[in-house]
Amino acid sequence: MILNRDSLWHRIFVYGTLRRDRPNHHVLWESGCTDAVFEGTAATYNLFPLIIAPTFNSPLMLNAPDIGHRVAGELWRVTHKKLFKLDQVAHPLHLFIRRSIRLYMMEQGTSIVIAYAWLFRLFDHMRLD
């Protein structure tokens with residue numbers, strides 16, 4: 001069996017400007033879009049620091065698990081092609097890292113899923129303590 005990369009789907013967690021009714025949502029989904037499907041609201045299983053960066057004027061979830069709070073956002077299912085496009089948007093200057101994280105599905109109580117999230121990688125750990 002040959003797998004077609006374009007037919008693969010991935011779960012992603014968005015917590016900032018890609019969410020519905022936010023300024024960059026059109027990058028993720030537009031009317032008639034067939035490469036992204038909203039699955040529901042979710043929150044991180046682990047704690048993460050979330051800051052508002054003045055330079056970017058957007059929320060940044062820091063790559064420092066178990067410090068901070070549970071971050072609320074949205075769970076989406078996207079094609080491999082859309083995932084690649086989102087990587088290009090999230091990776092200017094390589095400031096973000098995409099990694100798998102665990103999430104609680106908010107509508108389903110204790111249901112836990114795994115999804116990709118983009119985490120800000122450049123920060124000083126000492127400032128988080």
# chains A, B, ... in the order shown; residues from 1 in each chain; ligands from 1
$ residues_around --residues "segment 51-62 of chain A" --least-positions-apart "2" --cutoff "8 Å" --atoms "only C-alpha atoms" --output "list in words"
Tyr15, Gly16, Thr17, Phe48, Pro49, Ala64, Pro65, Trp118, Leu119, Phe120, Arg121 and Phe123 of chain A
$ select_by_dssp --residues "segment 2-39 of chain A" --states "alpha helix (DSSP H)" --output "PyMOL selection string"
chain A and resi 25-28
$ residues_around --residues "segment 70-77 of chain A" --least-positions-apart "2" --cutoff "6 Å" --atoms "only C-alpha atoms" --output "MDAnalysis selection string"
chainID A and resid 10:15 36:44 47
$ atom_distance --atom1 "atom CA of Phe84 of chain A" --atom2 "atom CA of Pro23 of chain A"
19.8 Å
